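Below is run.tsv, holding TSV, N, CA, C and O atoms.
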```
chain	number	residue	atom	x	y	z
M	22	MET	N	0.84	-1.17	0.00
M	22	MET	CA	0.00	0.00	0.00
M	22	MET	C	0.88	1.24	0.00
M	22	MET	O	1.85	1.31	0.74
M	23	SER	N	0.52	2.16	-0.80
M	23	SER	CA	1.29	3.40	-0.85
M	23	SER	C	0.68	4.41	0.13
M	23	SER	O	-0.53	4.48	0.28
M	24	PRO	N	1.53	5.18	0.76
M	24	PRO	CA	1.01	6.18	1.69
M	24	PRO	C	0.31	7.30	0.93
M	24	PRO	O	0.66	7.61	-0.20
M	25	VAL	N	-0.65	7.89	1.57
M	25	VAL	CA	-1.38	9.00	0.96
M	25	VAL	C	-0.57	10.26	1.15
M	25	VAL	O	-0.15	10.59	2.24
M	26	ARG	N	-0.33	10.95	0.04
M	26	ARG	CA	0.42	12.20	0.10
M	26	ARG	C	-0.56	13.35	0.04
M	26	ARG	O	-1.45	13.38	-0.78
M	27	ARG	N	-0.37	14.30	0.90
M	27	ARG	CA	-1.20	15.50	0.90
M	27	ARG	C	-0.32	16.68	0.51
M	27	ARG	O	0.75	16.85	1.05
M	28	SER	N	-0.81	17.46	-0.39
M	28	SER	CA	-0.05	18.63	-0.80
M	28	SER	C	-0.29	19.79	0.15
M	28	SER	O	-1.22	19.78	0.95
M	29	ASN	N	0.57	20.79	0.05
M	29	ASN	CA	0.39	21.98	0.88
M	29	ASN	C	-0.90	22.70	0.52
M	29	ASN	O	-1.51	23.34	1.37
M	30	GLY	N	-1.30	22.62	-0.75
M	30	GLY	CA	-2.56	23.24	-1.17
M	30	GLY	C	-3.74	22.63	-0.46
M	30	GLY	O	-4.69	23.32	-0.10
M	31	SER	N	-3.70	21.33	-0.24
M	31	SER	CA	-4.78	20.66	0.46
M	31	SER	C	-4.83	21.08	1.92
M	31	SER	O	-5.91	21.28	2.48
M	32	THR	N	-3.68	21.22	2.54
M	32	THR	CA	-3.64	21.66	3.93
M	32	THR	C	-4.13	23.09	4.05
M	32	THR	O	-4.92	23.41	4.94
M	33	ALA	N	-3.68	23.94	3.17
M	33	ALA	CA	-4.13	25.34	3.18
M	33	ALA	C	-5.63	25.42	2.91
M	33	ALA	O	-6.34	26.22	3.52
M	34	ALA	N	-6.13	24.57	2.01
M	34	ALA	CA	-7.56	24.55	1.72
M	34	ALA	C	-8.36	24.14	2.94
M	34	ALA	O	-9.41	24.73	3.23
M	35	ASN	N	-7.88	23.16	3.67
M	35	ASN	CA	-8.57	22.73	4.90
M	35	ASN	C	-8.59	23.84	5.94
M	35	ASN	O	-9.60	24.05	6.61
M	36	ILE	N	-7.48	24.56	6.08
M	36	ILE	CA	-7.41	25.65	7.04
M	36	ILE	C	-8.40	26.76	6.66
M	36	ILE	O	-9.13	27.27	7.51
M	37	ILE	N	-8.44	27.11	5.38
M	37	ILE	CA	-9.36	28.16	4.92
M	37	ILE	C	-10.80	27.73	5.13
M	37	ILE	O	-11.65	28.53	5.56
M	38	MET	N	-11.11	26.46	4.84
M	38	MET	CA	-12.48	25.98	5.05
M	38	MET	C	-12.87	26.01	6.52
M	38	MET	O	-13.99	26.40	6.86
M	39	VAL	N	-11.98	25.62	7.39
M	39	VAL	CA	-12.28	25.63	8.82
M	39	VAL	C	-12.50	27.06	9.31
M	39	VAL	O	-13.44	27.33	10.08
M	40	ILE	N	-11.68	28.00	8.86
M	40	ILE	CA	-11.86	29.40	9.26
M	40	ILE	C	-13.20	29.93	8.78
M	40	ILE	O	-13.93	30.58	9.53
M	41	ALA	N	-13.55	29.65	7.52
M	41	ALA	CA	-14.84	30.10	6.99
M	41	ALA	C	-16.00	29.46	7.76
M	41	ALA	O	-17.00	30.13	8.06
M	42	ASP	N	-15.87	28.19	8.09
M	42	ASP	CA	-16.92	27.50	8.84
M	42	ASP	C	-17.08	28.08	10.25
M	42	ASP	O	-18.20	28.25	10.74
M	43	VAL	N	-15.98	28.39	10.90
M	43	VAL	CA	-16.04	28.97	12.25
M	43	VAL	C	-16.67	30.36	12.20
M	43	VAL	O	-17.50	30.71	13.06
M	44	MET	N	-16.32	31.15	11.20
M	44	MET	CA	-16.92	32.48	11.05
M	44	MET	C	-18.43	32.36	10.85
M	44	MET	O	-19.20	33.09	11.49
M	45	ALA	N	-18.86	31.45	9.99
M	45	ALA	CA	-20.29	31.26	9.75
M	45	ALA	C	-20.98	30.70	11.00
M	45	ALA	O	-22.11	31.08	11.30
M	46	LEU	N	-20.30	29.85	11.73
M	46	LEU	CA	-20.86	29.30	12.97
M	46	LEU	C	-21.10	30.39	14.00
M	46	LEU	O	-22.14	30.43	14.65
M	47	ILE	N	-20.15	31.30	14.15
M	47	ILE	CA	-20.30	32.39	15.10
M	47	ILE	C	-21.48	33.28	14.70
M	47	ILE	O	-22.29	33.68	15.55
M	48	LEU	N	-21.59	33.58	13.42
M	48	LEU	CA	-22.71	34.40	12.95
M	48	LEU	C	-24.04	33.69	13.17
M	48	LEU	O	-25.01	34.30	13.62
M	49	GLY	N	-24.08	32.41	12.86
M	49	GLY	CA	-25.30	31.64	13.08
M	49	GLY	C	-25.64	31.53	14.55
M	49	GLY	O	-26.82	31.58	14.93
M	50	LEU	N	-24.63	31.39	15.38
M	50	LEU	CA	-24.85	31.32	16.82
M	50	LEU	C	-25.43	32.62	17.35
M	50	LEU	O	-26.34	32.62	18.19
M	51	TRP	N	-24.94	33.76	16.85
M	51	TRP	CA	-25.49	35.03	17.28
M	51	TRP	C	-26.95	35.17	16.84
M	51	TRP	O	-27.79	35.65	17.60
M	52	ILE	N	-27.27	34.75	15.62
M	52	ILE	CA	-28.66	34.81	15.16
M	52	ILE	C	-29.55	33.99	16.09
M	52	ILE	O	-30.61	34.44	16.51
M	53	LEU	N	-29.10	32.79	16.42
M	53	LEU	CA	-29.87	31.93	17.31
M	53	LEU	C	-30.02	32.56	18.70
M	53	LEU	O	-31.10	32.56	19.27
M	54	MET	N	-28.94	33.11	19.23
M	54	MET	CA	-29.00	33.76	20.54
M	54	MET	C	-29.95	34.95	20.52
M	54	MET	O	-30.68	35.18	21.48
M	55	TYR	N	-29.93	35.71	19.44
M	55	TYR	CA	-30.81	36.86	19.33
M	55	TYR	C	-32.27	36.42	19.28
M	55	TYR	O	-33.12	36.99	19.97
M	56	LEU	N	-32.55	35.42	18.46
M	56	LEU	CA	-33.93	34.96	18.32
M	56	LEU	C	-34.47	34.33	19.60
M	56	LEU	O	-35.66	34.41	19.88
M	57	LEU	N	-33.59	33.70	20.37
M	57	LEU	CA	-34.00	33.08	21.63
M	57	LEU	C	-33.90	34.04	22.81
M	57	LEU	O	-34.11	33.64	23.95
M	58	ASP	N	-33.56	35.30	22.51
M	58	ASP	CA	-33.49	36.36	23.51
M	58	ASP	C	-32.53	36.01	24.63
M	58	ASP	O	-32.88	36.02	25.82
M	59	ALA	N	-31.30	35.71	24.25
M	59	ALA	CA	-30.27	35.36	25.23
M	59	ALA	C	-29.95	36.56	26.12
M	59	ALA	O	-30.10	37.72	25.71
M	60	ASN	N	-29.51	36.30	27.32
M	60	ASN	CA	-29.17	37.32	28.30
M	60	ASN	C	-27.92	38.07	27.83
M	60	ASN	O	-26.83	37.53	27.84
M	61	ARG	N	-28.08	39.31	27.45
M	61	ARG	CA	-26.95	40.09	26.91
M	61	ARG	C	-25.96	40.52	27.98
M	61	ARG	O	-24.90	41.02	27.67
M	62	ALA	N	-26.30	40.34	29.23
M	62	ALA	CA	-25.37	40.64	30.31
M	62	ALA	C	-24.36	39.51	30.49
M	62	ALA	O	-23.32	39.69	31.12
M	63	ASN	N	-24.64	38.35	29.92
M	63	ASN	CA	-23.75	37.20	30.01
M	63	ASN	C	-22.50	37.47	29.16
M	63	ASN	O	-22.59	37.97	28.04
M	64	GLU	N	-21.34	37.13	29.69
M	64	GLU	CA	-20.08	37.40	28.99
M	64	GLU	C	-19.96	36.62	27.68
M	64	GLU	O	-19.43	37.14	26.70
M	65	LEU	N	-20.40	35.38	27.65
M	65	LEU	CA	-20.33	34.59	26.42
M	65	LEU	C	-21.21	35.20	25.34
M	65	LEU	O	-20.79	35.33	24.19
M	66	VAL	N	-22.42	35.58	25.71
M	66	VAL	CA	-23.34	36.19	24.75
M	66	VAL	C	-22.75	37.50	24.23
M	66	VAL	O	-22.79	37.77	23.03
M	67	GLN	N	-22.18	38.29	25.11
M	67	GLN	CA	-21.57	39.56	24.71
M	67	GLN	C	-20.39	39.33	23.78
M	67	GLN	O	-20.21	40.04	22.79
M	68	PHE	N	-19.57	38.32	24.09
M	68	PHE	CA	-18.42	38.00	23.24
M	68	PHE	C	-18.88	37.57	21.84
M	68	PHE	O	-18.35	38.05	20.83
M	69	ILE	N	-19.86	36.68	21.77
M	69	ILE	CA	-20.37	36.22	20.48
M	69	ILE	C	-20.95	37.40	19.71
M	69	ILE	O	-20.73	37.54	18.50
M	70	HIS	N	-21.68	38.28	20.39
M	70	HIS	CA	-22.25	39.45	19.73
M	70	HIS	C	-21.17	40.37	19.18
M	70	HIS	O	-21.26	40.85	18.05
M	71	ASP	N	-20.12	40.61	19.96
M	71	ASP	CA	-19.04	41.49	19.51
M	71	ASP	C	-18.32	40.92	18.30
M	71	ASP	O	-18.04	41.64	17.33
M	72	VAL	N	-18.03	39.62	18.33
M	72	VAL	CA	-17.34	38.99	17.20
M	72	VAL	C	-18.25	38.97	15.97
M	72	VAL	O	-17.81	39.28	14.86
M	73	ALA	N	-19.52	38.64	16.17
M	73	ALA	CA	-20.45	38.60	15.04
M	73	ALA	C	-20.63	40.00	14.45
M	73	ALA	O	-20.70	40.15	13.23
M	74	ARG	N	-20.70	41.01	15.29
M	74	ARG	CA	-20.83	42.39	14.80
M	74	ARG	C	-19.61	42.78	13.98
M	74	ARG	O	-19.72	43.44	12.96
M	75	PHE	N	-18.42	42.36	14.42
M	75	PHE	CA	-17.20	42.64	13.66
M	75	PHE	C	-17.23	41.92	12.31
M	75	PHE	O	-16.92	42.51	11.27
M	76	LEU	N	-17.60	40.63	12.32
M	76	LEU	CA	-17.60	39.84	11.09
M	76	LEU	C	-18.65	40.33	10.09
M	76	LEU	O	-18.45	40.26	8.89
M	77	ALA	N	-19.78	40.82	10.59
M	77	ALA	CA	-20.86	41.26	9.71
M	77	ALA	C	-20.94	42.77	9.63
M	77	ALA	O	-21.99	43.32	9.29
M	78	GLY	N	-19.85	43.44	9.89
M	78	GLY	CA	-19.85	44.89	9.85
M	78	GLY	C	-20.28	45.45	8.51
M	78	GLY	O	-20.96	46.47	8.44
M	79	TRP	N	-19.94	44.78	7.44
M	79	TRP	CA	-20.29	45.25	6.10
M	79	TRP	C	-21.74	44.97	5.74
M	79	TRP	O	-22.30	45.61	4.85
M	80	SER	N	-22.39	44.04	6.41
M	80	SER	CA	-23.78	43.69	6.05
M	80	SER	C	-24.77	43.89	7.19
M	80	SER	O	-25.94	43.56	7.05
M	81	HIS	N	-24.30	44.44	8.30
M	81	HIS	CA	-25.14	44.53	9.50
M	81	HIS	C	-26.42	45.33	9.25
M	81	HIS	O	-27.50	44.88	9.57
M	82	ASP	N	-26.35	46.51	8.69
M	82	ASP	CA	-27.55	47.33	8.45
M	82	ASP	C	-27.83	47.47	6.96
M	82	ASP	O	-28.30	48.51	6.50
M	83	LEU	N	-27.55	46.44	6.22
M	83	LEU	CA	-27.77	46.47	4.77
M	83	LEU	C	-29.25	46.45	4.43
M	83	LEU	O	-29.69	47.09	3.48
M	84	PHE	N	-30.04	45.77	5.22
M	84	PHE	CA	-31.48	45.66	4.98
M	84	PHE	C	-32.24	46.52	5.99
M	84	PHE	O	-31.81	46.67	7.12
M	85	THR	N	-33.38	47.06	5.56
M	85	THR	CA	-34.16	47.94	6.43
M	85	THR	C	-35.57	47.41	6.63
M	85	THR	O	-36.55	48.08	6.33
M	86	PHE	N	-35.67	46.20	7.14
M	86	PHE	CA	-36.97	45.63	7.46
M	86	PHE	C	-37.54	46.36	8.67
M	86	PHE	O	-36.81	46.89	9.49
M	87	ASP	N	-38.86	46.35	8.79
M	87	ASP	CA	-39.49	46.96	9.96
M	87	ASP	C	-39.24	46.17	11.23
M	87	ASP	O	-39.08	46.74	12.30
M	88	GLU	N	-39.21	44.88	11.10
M	88	GLU	CA	-38.98	44.01	12.27
M	88	GLU	C	-37.47	43.86	12.52
M	88	GLU	O	-36.70	43.56	11.61
M	89	THR	N	-37.09	44.04	13.76
M	89	THR	CA	-35.67	43.96	14.12
M	89	THR	C	-35.13	42.55	13.89
M	89	THR	O	-34.00	42.39	13.41
M	90	TRP	N	-35.91	41.53	14.22
M	90	TRP	CA	-35.43	40.16	14.06
M	90	TRP	C	-35.13	39.85	12.59
M	90	TRP	O	-34.19	39.12	12.29
M	91	ALA	N	-35.90	40.43	11.67
M	91	ALA	CA	-35.66	40.19	10.25
M	91	ALA	C	-34.36	40.85	9.79
M	91	ALA	O	-33.63	40.29	8.97
M	92	ARG	N	-34.06	42.03	10.34
M	92	ARG	CA	-32.80	42.69	10.00
M	92	ARG	C	-31.61	41.88	10.50
M	92	ARG	O	-30.59	41.75	9.82
M	93	VAL	N	-31.73	41.33	11.71
M	93	VAL	CA	-30.64	40.52	12.29
M	93	VAL	C	-30.43	39.26	11.45
M	93	VAL	O	-29.31	38.94	11.07
M	94	VAL	N	-31.51	38.57	11.14
M	94	VAL	CA	-31.40	37.33	10.37
M	94	VAL	C	-30.85	37.61	8.97
M	94	VAL	O	-29.94	36.91	8.50
M	95	ALA	N	-31.35	38.63	8.31
M	95	ALA	CA	-30.90	38.94	6.95
M	95	ALA	C	-29.47	39.45	6.93
M	95	ALA	O	-28.64	38.99	6.12
M	96	GLY	N	-29.13	40.37	7.81
M	96	GLY	CA	-27.79	40.96	7.81
M	96	GLY	C	-26.71	39.98	8.21
M	96	GLY	O	-25.71	39.80	7.50
M	97	TYR	N	-26.90	39.33	9.33
M	97	TYR	CA	-25.89	38.37	9.80
M	97	TYR	C	-25.93	37.08	8.99
M	97	TYR	O	-24.89	36.46	8.76
M	98	GLY	N	-27.11	36.69	8.54
M	98	GLY	CA	-27.23	35.49	7.71
M	98	GLY	C	-26.54	35.65	6.37
M	98	GLY	O	-25.89	34.73	5.87
M	99	LEU	N	-26.69	36.83	5.76
M	99	LEU	CA	-26.01	37.10	4.50
M	99	LEU	C	-24.51	37.00	4.66
M	99	LEU	O	-23.82	36.40	3.83
M	100	ALA	N	-23.99	37.58	5.73
M	100	ALA	CA	-22.54	37.51	5.97
M	100	ALA	C	-22.09	36.06	6.14
M	100	ALA	O	-21.06	35.66	5.60
M	101	ALA	N	-22.87	35.26	6.86
M	101	ALA	CA	-22.50	33.85	7.05
M	101	ALA	C	-22.47	33.10	5.73
M	101	ALA	O	-21.53	32.34	5.46
M	102	VAL	N	-23.47	33.31	4.90
M	102	VAL	CA	-23.52	32.63	3.60
M	102	VAL	C	-22.37	33.07	2.71
M	102	VAL	O	-21.72	32.24	2.05
M	103	VAL	N	-22.06	34.36	2.70
M	103	VAL	CA	-20.96	34.86	1.87
M	103	VAL	C	-19.63	34.28	2.33
M	103	VAL	O	-18.81	33.84	1.51
M	104	TYR	N	-19.41	34.23	3.65
M	104	TYR	CA	-18.16	33.65	4.15
M	104	TYR	C	-18.05	32.18	3.79
M	104	TYR	O	-16.97	31.71	3.41
M	105	LEU	N	-19.15	31.45	3.87
M	105	LEU	CA	-19.12	30.03	3.49
M	105	LEU	C	-18.84	29.86	2.01
M	105	LEU	O	-18.00	29.05	1.62
M	106	LEU	N	-19.53	30.61	1.17
M	106	LEU	CA	-19.34	30.49	-0.27
M	106	LEU	C	-17.92	30.85	-0.69
M	106	LEU	O	-17.28	30.11	-1.44
M	107	ILE	N	-17.44	31.98	-0.22
M	107	ILE	CA	-16.09	32.41	-0.60
M	107	ILE	C	-15.03	31.47	-0.03
M	107	ILE	O	-14.09	31.07	-0.73
M	108	GLY	N	-15.17	31.10	1.23
M	108	GLY	CA	-14.19	30.21	1.86
M	108	GLY	C	-14.10	28.86	1.17
M	108	GLY	O	-13.01	28.35	0.91
M	109	HIS	N	-15.24	28.28	0.86
M	109	HIS	CA	-15.23	26.97	0.21
M	109	HIS	C	-14.80	27.07	-1.25
M	109	HIS	O	-14.17	26.14	-1.77
M	110	ALA	N	-15.11	28.17	-1.91
M	110	ALA	CA	-14.66	28.36	-3.30
M	110	ALA	C	-13.14	28.50	-3.36
M	110	ALA	O	-12.49	27.88	-4.21
M	111	VAL	N	-12.58	29.28	-2.47
M	111	VAL	CA	-11.12	29.44	-2.42
M	111	VAL	C	-10.46	28.11	-2.06
M	111	VAL	O	-9.44	27.73	-2.66
M	112	ALA	N	-11.03	27.38	-1.13
M	112	ALA	CA	-10.47	26.08	-0.75
M	112	ALA	C	-10.52	25.11	-1.92
M	112	ALA	O	-9.57	24.35	-2.15
M	113	GLY	N	-11.60	25.13	-2.67
M	113	GLY	CA	-11.71	24.26	-3.84
M	113	GLY	C	-10.66	24.59	-4.89
M	113	GLY	O	-10.09	23.69	-5.51
M	114	ARG	N	-10.40	25.87	-5.09
M	114	ARG	CA	-9.37	26.26	-6.06
M	114	ARG	C	-7.99	25.84	-5.58
M	114	ARG	O	-7.14	25.42	-6.37
M	115	LEU	N	-7.73	25.97	-4.29
M	115	LEU	CA	-6.42	25.57	-3.77
M	115	LEU	C	-6.18	24.08	-3.89
M	115	LEU	O	-5.05	23.63	-4.08
M	116	ARG	N	-7.23	23.30	-3.75
M	116	ARG	CA	-7.08	21.84	-3.84
M	116	ARG	C	-6.69	21.40	-5.24
M	116	ARG	O	-6.13	20.34	-5.42
M	117	ARG	N	-7.04	22.18	-6.23
M	117	ARG	CA	-6.69	21.81	-7.61
M	117	ARG	C	-5.19	21.92	-7.89
M	117	ARG	O	-4.69	21.31	-8.80
M	118	TYR	N	-4.51	22.73	-7.09
M	118	TYR	CA	-3.09	22.96	-7.36
M	118	TYR	C	-2.19	22.23	-6.43
M	118	TYR	O	-2.37	21.77	-5.46
```
Would you encode the structure as C-alpha coordinates?
Amino acid sequence: MSPVRRSNGSTAANIIMVIADVMALILGLWILMYLLDANRANELVQFIHDVARFLAGWSHDLFTFDETWARVVAGYGLAAVVYLLIGHAVAGRLRRY
(Lines of atoms letter the chains of each structure in order from A and count residues from 1; the text may use other names and numbers.)
(Lines give C-alpha, C1' and ligand atoms only; values in the text may rest on other atoms or scores of the structure.)
Protein backbone atom coordinates (compact mmCIF):
# COMPACT_ATOMS: atom_id res chain seq x y z
CA MET A 1 0.00 0.00 0.00
CA SER A 2 1.29 3.40 -0.85
CA PRO A 3 1.01 6.18 1.69
CA VAL A 4 -1.38 9.00 0.96
CA ARG A 5 0.42 12.20 0.10
CA ARG A 6 -1.20 15.50 0.90
CA SER A 7 -0.05 18.63 -0.80
CA ASN A 8 0.39 21.98 0.88
CA GLY A 9 -2.56 23.24 -1.17
CA SER A 10 -4.78 20.66 0.46
CA THR A 11 -3.64 21.66 3.93
CA ALA A 12 -4.13 25.34 3.18
CA ALA A 13 -7.56 24.55 1.72
CA ASN A 14 -8.57 22.73 4.90
CA ILE A 15 -7.41 25.65 7.04
CA ILE A 16 -9.36 28.16 4.92
CA MET A 17 -12.48 25.98 5.05
CA VAL A 18 -12.28 25.63 8.82
CA ILE A 19 -11.86 29.40 9.26
CA ALA A 20 -14.84 30.10 6.99
CA ASP A 21 -16.92 27.50 8.84
CA VAL A 22 -16.04 28.97 12.25
CA MET A 23 -16.92 32.48 11.05
CA ALA A 24 -20.29 31.26 9.75
CA LEU A 25 -20.86 29.30 12.97
CA ILE A 26 -20.30 32.39 15.10
CA LEU A 27 -22.71 34.40 12.95
CA GLY A 28 -25.30 31.64 13.08
CA LEU A 29 -24.85 31.32 16.82
CA TRP A 30 -25.49 35.03 17.28
CA ILE A 31 -28.66 34.81 15.16
CA LEU A 32 -29.87 31.93 17.31
CA MET A 33 -29.00 33.76 20.54
CA TYR A 34 -30.81 36.86 19.33
CA LEU A 35 -33.93 34.96 18.32
CA LEU A 36 -34.00 33.08 21.63
CA ASP A 37 -33.49 36.36 23.51
CA ALA A 38 -30.27 35.36 25.23
CA ASN A 39 -29.17 37.32 28.30
CA ARG A 40 -26.95 40.09 26.91
CA ALA A 41 -25.37 40.64 30.31
CA ASN A 42 -23.75 37.20 30.01
CA GLU A 43 -20.08 37.40 28.99
CA LEU A 44 -20.33 34.59 26.42
CA VAL A 45 -23.34 36.19 24.75
CA GLN A 46 -21.57 39.56 24.71
CA PHE A 47 -18.42 38.00 23.24
CA ILE A 48 -20.37 36.22 20.48
CA HIS A 49 -22.25 39.45 19.73
CA ASP A 50 -19.04 41.49 19.51
CA VAL A 51 -17.34 38.99 17.20
CA ALA A 52 -20.45 38.60 15.04
CA ARG A 53 -20.83 42.39 14.80
CA PHE A 54 -17.20 42.64 13.66
CA LEU A 55 -17.60 39.84 11.09
CA ALA A 56 -20.86 41.26 9.71
CA GLY A 57 -19.85 44.89 9.85
CA TRP A 58 -20.29 45.25 6.10
CA SER A 59 -23.78 43.69 6.05
CA HIS A 60 -25.14 44.53 9.50
CA ASP A 61 -27.55 47.33 8.45
CA LEU A 62 -27.77 46.47 4.77
CA PHE A 63 -31.48 45.66 4.98
CA THR A 64 -34.16 47.94 6.43
CA PHE A 65 -36.97 45.63 7.46
CA ASP A 66 -39.49 46.96 9.96
CA GLU A 67 -38.98 44.01 12.27
CA THR A 68 -35.67 43.96 14.12
CA TRP A 69 -35.43 40.16 14.06
CA ALA A 70 -35.66 40.19 10.25
CA ARG A 71 -32.80 42.69 10.00
CA VAL A 72 -30.64 40.52 12.29
CA VAL A 73 -31.40 37.33 10.37
CA ALA A 74 -30.90 38.94 6.95
CA GLY A 75 -27.79 40.96 7.81
CA TYR A 76 -25.89 38.37 9.80
CA GLY A 77 -27.23 35.49 7.71
CA LEU A 78 -26.01 37.10 4.50
CA ALA A 79 -22.54 37.51 5.97
CA ALA A 80 -22.50 33.85 7.05
CA VAL A 81 -23.52 32.63 3.60
CA VAL A 82 -20.96 34.86 1.87
CA TYR A 83 -18.16 33.65 4.15
CA LEU A 84 -19.12 30.03 3.49
CA LEU A 85 -19.34 30.49 -0.27
CA ILE A 86 -16.09 32.41 -0.60
CA GLY A 87 -14.19 30.21 1.86
CA HIS A 88 -15.23 26.97 0.21
CA ALA A 89 -14.66 28.36 -3.30
CA VAL A 90 -11.12 29.44 -2.42
CA ALA A 91 -10.47 26.08 -0.75
CA GLY A 92 -11.71 24.26 -3.84
CA ARG A 93 -9.37 26.26 -6.06
CA LEU A 94 -6.42 25.57 -3.77
CA ARG A 95 -7.08 21.84 -3.84
CA ARG A 96 -6.69 21.81 -7.61
CA TYR A 97 -3.09 22.96 -7.36
DSSP helix (DSSP H, G or I) residues within chain M, as a PyMOL selection string: chain M and resi 29-56+64-76+89-117
Starting from the point (-19.0, 30.7, 4.3), work out which residues of protein, DNA or RNA have an atom no more than 8 Å away when counting all atoms listed in the file; state them as a PDB file with N, CA, C and O atoms, in the coordinates of the input.
```pdb
ATOM      1  N   ILE M  37      -8.440  27.110   5.380  1.00  0.00           N
ATOM      2  CA  ILE M  37      -9.360  28.160   4.920  1.00  0.00           C
ATOM      3  C   ILE M  37     -10.800  27.730   5.130  1.00  0.00           C
ATOM      4  O   ILE M  37     -11.650  28.530   5.560  1.00  0.00           O
ATOM      5  N   MET M  38     -11.110  26.460   4.840  1.00  0.00           N
ATOM      6  CA  MET M  38     -12.480  25.980   5.050  1.00  0.00           C
ATOM      7  C   MET M  38     -12.870  26.010   6.520  1.00  0.00           C
ATOM      8  O   MET M  38     -13.990  26.400   6.860  1.00  0.00           O
ATOM      9  N   ILE M  40     -11.680  28.000   8.860  1.00  0.00           N
ATOM     10  CA  ILE M  40     -11.860  29.400   9.260  1.00  0.00           C
ATOM     11  C   ILE M  40     -13.200  29.930   8.780  1.00  0.00           C
ATOM     12  O   ILE M  40     -13.930  30.580   9.530  1.00  0.00           O
ATOM     13  N   ALA M  41     -13.550  29.650   7.520  1.00  0.00           N
ATOM     14  CA  ALA M  41     -14.840  30.100   6.990  1.00  0.00           C
ATOM     15  C   ALA M  41     -16.000  29.460   7.760  1.00  0.00           C
ATOM     16  O   ALA M  41     -17.000  30.130   8.060  1.00  0.00           O
ATOM     17  N   ASP M  42     -15.870  28.190   8.090  1.00  0.00           N
ATOM     18  CA  ASP M  42     -16.920  27.500   8.840  1.00  0.00           C
ATOM     19  C   ASP M  42     -17.080  28.080  10.250  1.00  0.00           C
ATOM     20  O   ASP M  42     -18.200  28.250  10.740  1.00  0.00           O
ATOM     21  N   VAL M  43     -15.980  28.390  10.900  1.00  0.00           N
ATOM     22  CA  VAL M  43     -16.040  28.970  12.250  1.00  0.00           C
ATOM     23  C   VAL M  43     -16.670  30.360  12.200  1.00  0.00           C
ATOM     24  O   VAL M  43     -17.500  30.710  13.060  1.00  0.00           O
ATOM     25  N   MET M  44     -16.320  31.150  11.200  1.00  0.00           N
ATOM     26  CA  MET M  44     -16.920  32.480  11.050  1.00  0.00           C
ATOM     27  C   MET M  44     -18.430  32.360  10.850  1.00  0.00           C
ATOM     28  O   MET M  44     -19.200  33.090  11.490  1.00  0.00           O
ATOM     29  N   ALA M  45     -18.860  31.450   9.990  1.00  0.00           N
ATOM     30  CA  ALA M  45     -20.290  31.260   9.750  1.00  0.00           C
ATOM     31  C   ALA M  45     -20.980  30.700  11.000  1.00  0.00           C
ATOM     32  O   ALA M  45     -22.110  31.080  11.300  1.00  0.00           O
ATOM     33  N   LEU M  46     -20.300  29.850  11.730  1.00  0.00           N
ATOM     34  CA  LEU M  46     -20.860  29.300  12.970  1.00  0.00           C
ATOM     35  C   LEU M  46     -21.100  30.390  14.000  1.00  0.00           C
ATOM     36  O   LEU M  46     -22.140  30.430  14.650  1.00  0.00           O
ATOM     37  N   LEU M  99     -26.690  36.830   5.760  1.00  0.00           N
ATOM     38  CA  LEU M  99     -26.010  37.100   4.500  1.00  0.00           C
ATOM     39  C   LEU M  99     -24.510  37.000   4.660  1.00  0.00           C
ATOM     40  O   LEU M  99     -23.820  36.400   3.830  1.00  0.00           O
ATOM     41  N   ALA M 100     -23.990  37.580   5.730  1.00  0.00           N
ATOM     42  CA  ALA M 100     -22.540  37.510   5.970  1.00  0.00           C
ATOM     43  C   ALA M 100     -22.090  36.060   6.140  1.00  0.00           C
ATOM     44  O   ALA M 100     -21.060  35.660   5.600  1.00  0.00           O
ATOM     45  N   ALA M 101     -22.870  35.260   6.860  1.00  0.00           N
ATOM     46  CA  ALA M 101     -22.500  33.850   7.050  1.00  0.00           C
ATOM     47  C   ALA M 101     -22.470  33.100   5.730  1.00  0.00           C
ATOM     48  O   ALA M 101     -21.530  32.340   5.460  1.00  0.00           O
ATOM     49  N   VAL M 102     -23.470  33.310   4.900  1.00  0.00           N
ATOM     50  CA  VAL M 102     -23.520  32.630   3.600  1.00  0.00           C
ATOM     51  C   VAL M 102     -22.370  33.070   2.710  1.00  0.00           C
ATOM     52  O   VAL M 102     -21.720  32.240   2.050  1.00  0.00           O
ATOM     53  N   VAL M 103     -22.060  34.360   2.700  1.00  0.00           N
ATOM     54  CA  VAL M 103     -20.960  34.860   1.870  1.00  0.00           C
ATOM     55  C   VAL M 103     -19.630  34.280   2.330  1.00  0.00           C
ATOM     56  O   VAL M 103     -18.810  33.840   1.510  1.00  0.00           O
ATOM     57  N   TYR M 104     -19.410  34.230   3.650  1.00  0.00           N
ATOM     58  CA  TYR M 104     -18.160  33.650   4.150  1.00  0.00           C
ATOM     59  C   TYR M 104     -18.050  32.180   3.790  1.00  0.00           C
ATOM     60  O   TYR M 104     -16.970  31.710   3.410  1.00  0.00           O
ATOM     61  N   LEU M 105     -19.150  31.450   3.870  1.00  0.00           N
ATOM     62  CA  LEU M 105     -19.120  30.030   3.490  1.00  0.00           C
ATOM     63  C   LEU M 105     -18.840  29.860   2.010  1.00  0.00           C
ATOM     64  O   LEU M 105     -18.000  29.050   1.620  1.00  0.00           O
ATOM     65  N   LEU M 106     -19.530  30.610   1.170  1.00  0.00           N
ATOM     66  CA  LEU M 106     -19.340  30.490  -0.270  1.00  0.00           C
ATOM     67  C   LEU M 106     -17.920  30.850  -0.690  1.00  0.00           C
ATOM     68  O   LEU M 106     -17.280  30.110  -1.440  1.00  0.00           O
ATOM     69  N   ILE M 107     -17.440  31.980  -0.220  1.00  0.00           N
ATOM     70  CA  ILE M 107     -16.090  32.410  -0.600  1.00  0.00           C
ATOM     71  C   ILE M 107     -15.030  31.470  -0.030  1.00  0.00           C
ATOM     72  O   ILE M 107     -14.090  31.070  -0.730  1.00  0.00           O
ATOM     73  N   GLY M 108     -15.170  31.100   1.230  1.00  0.00           N
ATOM     74  CA  GLY M 108     -14.190  30.210   1.860  1.00  0.00           C
ATOM     75  C   GLY M 108     -14.100  28.860   1.170  1.00  0.00           C
ATOM     76  O   GLY M 108     -13.010  28.350   0.910  1.00  0.00           O
ATOM     77  N   HIS M 109     -15.240  28.280   0.860  1.00  0.00           N
ATOM     78  CA  HIS M 109     -15.230  26.970   0.210  1.00  0.00           C
ATOM     79  C   HIS M 109     -14.800  27.070  -1.250  1.00  0.00           C
ATOM     80  O   HIS M 109     -14.170  26.140  -1.770  1.00  0.00           O
ATOM     81  N   ALA M 110     -15.110  28.170  -1.910  1.00  0.00           N
ATOM     82  CA  ALA M 110     -14.660  28.360  -3.300  1.00  0.00           C
ATOM     83  C   ALA M 110     -13.140  28.500  -3.360  1.00  0.00           C
ATOM     84  O   ALA M 110     -12.490  27.880  -4.210  1.00  0.00           O
TER      85      ALA M 110
END
```
Contact residues around segment 74-83 of chain M with all atoms listed in the file at 7 Å, ignoring same-chain residues under 3 positions, as a ChimeraX atom specification: /M:44,68-71,86,92-93,95-97,99-101
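Rounded to one decimal, atom N of Leu53 of chain M and atom CA of Glu88 of chain M lie 15.5 Å from each other.
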Atom pair atom CA of Ala34 of chain M / atom C of Gly113 of chain M: separation (Å):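 Separation of atom CA of Ala34 of chain M and atom C of Gly113 of chain M: 7.3 Å.
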Computed interatomic separation between atom CA of Gln67 of chain M and atom CA of Ile36 of chain M (Å):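 Distance reported for this atom pair: 26.6 Å.
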